[in-house]
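Chemist: Sending over a structure as structure tokens; questions will come in a sec.
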Amino acid sequence: MNIALNITQTFQDWLVGFMPEGAASITAMVIVAVIYLMIFAVAGLYLVLLERRVAAWFQLRLGPNRVGFQGLLQTMADALKLVSKELTGTDRADKFLYNLAPYFVIITSLMALGIFPFTQGFQAFDINIGIFFLIAISSIGVIGILLAGWSSNNKFALIGAMRSGVQTISYELSIGLSLLTMVLLTGSLQLSEIVETQKHGWLIVQGHVPAIIAFMIYMIAGTAETNRAPFDMVEAESELGAGFHTEYSGMKFAYFFLAEFINMFIIACIATTVFFGAWLSPFGITESLPWLGVFWFLLKALILVFLMMWFRWTFPRLRIDQLLSLEWKYLLPINLINIMLMAFLVWQKLTIQF
Amino acid sequence: METTVVNNNFKSEEYFINMGPQHPATHGVLRLLLTIDGEIIKKVDPDLGYIHRSIEKMCERDSYQQIVHLTDRMDYLSANINNEAVCLAVENALQLEVTDRIKVIRTIIGELTRIASHCLWWGVMGMDVGALTTYFYGFRDREMINDIFEETCGARLTMNYNVPGGLMFDIHPNFVKRVKDFVAHFKTKIPEYDRLLSNNVIFQKRTMGVGVLSKEDAISFGVSGPVGRASGYSCDVRKHHPYSALDQVTFKEALRTEGDTYARYQVRIQEMWESLSIIEQLIDNIPEGDFRVQTNAVIKLPKGEYYQKVETARGELGVYIISTGTKNPYRLKFRSPGFSNLSVLNHIAVGSKIADLVAIMATLDLVIPDIDR
């Protein structure tokens, strides 16, 4: 199968021509990492712009539309400002952890992006434990938030971090279980094989009822995982000021901010890959035009991103105890029943396949 | 100045947090000293005085026409109703009978002020529980009222439209049409408010059963306005002691019995409907007549004590004047609704979460300059 082809491998094969294999492998990784870093730093900025324009649209405003055509350079200018800002901090903060925390958050976000199949063959790494890797990586990000809240030496930040801890630990379960439900259908954790399975119909169609339930749970848990409204207890501005990043400024704040948007994009990307056939077009013409796959992937992901923005600008925030009872009393039991339902479906071959 | 009294006898799990005076949820410079156990509130200690401007003392210095201008700066969201309170107190003391036209216009403007205040409250209520969009919807409708005010008297918020003896100017020729337009517009918007926030399951879960205030406690704390009426305490001054043209109209007093945050929310939503109905009853037949009754250039109240209360958007505002017969009051005391309403905060917030405290404060609808004066 040619699906396992990926960018890093392509670069490595090319580099092997004029350097030893070990050096070629490392160079290829560095090149790909730099390319991804550039693409997604910019993509993150445009997600911020999208959020602001979408919010403005919901809120009877115009949103940023002055810097560049239709405000396209607004977030660039904001980022430039944040880069040039002085980094202030609290005096009695735990300096080492305080400075480390933003990198935990931003690095884990960017790492997860490496394995998404944006189109046939366009995938930095195609590891055979793809889904597992995603769940694992997204859990590490919360350490950064906990560190930020703890080391800031600020009670509001600490409350935010405590909330973040309980919230993320709880909703990890739902994300994991809802994705496992879908893995029952594909029989593989490798993202390229998950896409391959979907050539006979997107998984949300193949798995019908349990797949739709899993998708709904996934979207709720995914929104909670990224700490966005209605689950933004971590930074709940009307309660805690700015929550865990109260004491951060300049670029360190920007890392948290950017990570939130990249995480949102990751959640949408996972959903696109696992539920909506990744880069497969709904009309089946992607095979001849592989680059069109990027368009389909981004379209699906951005629709889901829009959905999450819609949540954010419509719903009030939950309270922390309601958040936990939603997870432990409702989502988790439903999820466990759902996973059995899906197993039954797969066992009895009741899935829909074209 | 010793203002901070921090309880040092904490139990091992408890800690102290300083909420305000710069905090997004306190809507101004209110400072709350919170004792918290994890997320649960053990004690709320409001610390006032950050925006104290000695308005009552300044009133002793000023003439009665000037006092009206100071009242704008107390509860700035009910500015016009505050003005009206002082004007009514002075007119009653002088036993000055104003024309029906003045009474009707005062009532219409007062109810418009109430709607504007509730619009703003609805917007920030949503923001406090995390729904940011409500703010813009509330402000969109409030803006229409402010535009009407601007055309009427030139000011949008602190209007000073009332003077002892009547009104500063006559209403603008467009006034009736624009108010009717607003009423028609706003009738389609309150259902939108309900769809966006009131009927939202998360919002209902956040507010129902939170910060319950019993009727007995409401009365003994001296609570008034929507906060009192949500606990079943019938305390609408407009109903029990009608002033201006409020005796000519029929309206229902918004009453609920639950006493929780959601009941306070519903009372205010219903009050918007009632205010619209009051405006509709009056707007079509504003009587002809003078917009101002002639008074002496220097108003001197007869020796004695005078009390006038009105219903602002927040509750009962009392104006208590002691006059010695000179052009200034000897003492002027405002009984502000916000101060009494704030006093229940510790009583109803203890035992709830930090997020509940924010929701409770939002429905108490505190305007800090009204509390501090």
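Going by the structure tokens order, chains are called A, B, ..., each with residues numbered from 1, while ligands are numbered from 1 in the order shown.
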Using only C-alpha atoms, I'd like every residue of chain A that has an atom within 12 Å of chain B; please write them out as a PyMOL selection string.
Modeler: chain A and resi 54-61+154-160+162-163+228-242+309-323+326
Chemist: Can you pull out every residue within 12 Å of Pro333 (chain A), counting only C-alpha atoms, but drop anything in the same chain fewer than 4 positions away, and send it as a list of chain:residue names?
Modeler: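 The residues satisfying every condition are A:Leu173, A:Ser174, A:Leu177, A:Ser178, A:Ile217, A:Ser325, A:Leu326, A:Glu327, A:Trp328, A:Lys329, A:Ile337, A:Asn338, A:Ile339, A:Met340.
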Chemist: Would you work out the distance separating CA of Tyr50 (chain B) from CA of Val227 (chain B), expressed in Å to one decimal?
Modeler: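 Atom-to-atom, CA of Tyr50 (chain B) and CA of Val227 (chain B) are spaced 24.1 Å apart.
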Chemist: Could you please determine the separation between CA of Asn285 (chain B) and CA of Gln308 (chain B) in Å, to one decimal place?
Modeler: 27.1 Å
Chemist: Looking at A:Glu21, A:Asp78, A:Glu172, A:Asp91, which one is nearest to Leu49 (chain A), with distances taken over only C-alpha atoms?
Modeler: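 Under the stated criterion, the closest residue is A:Asp78.
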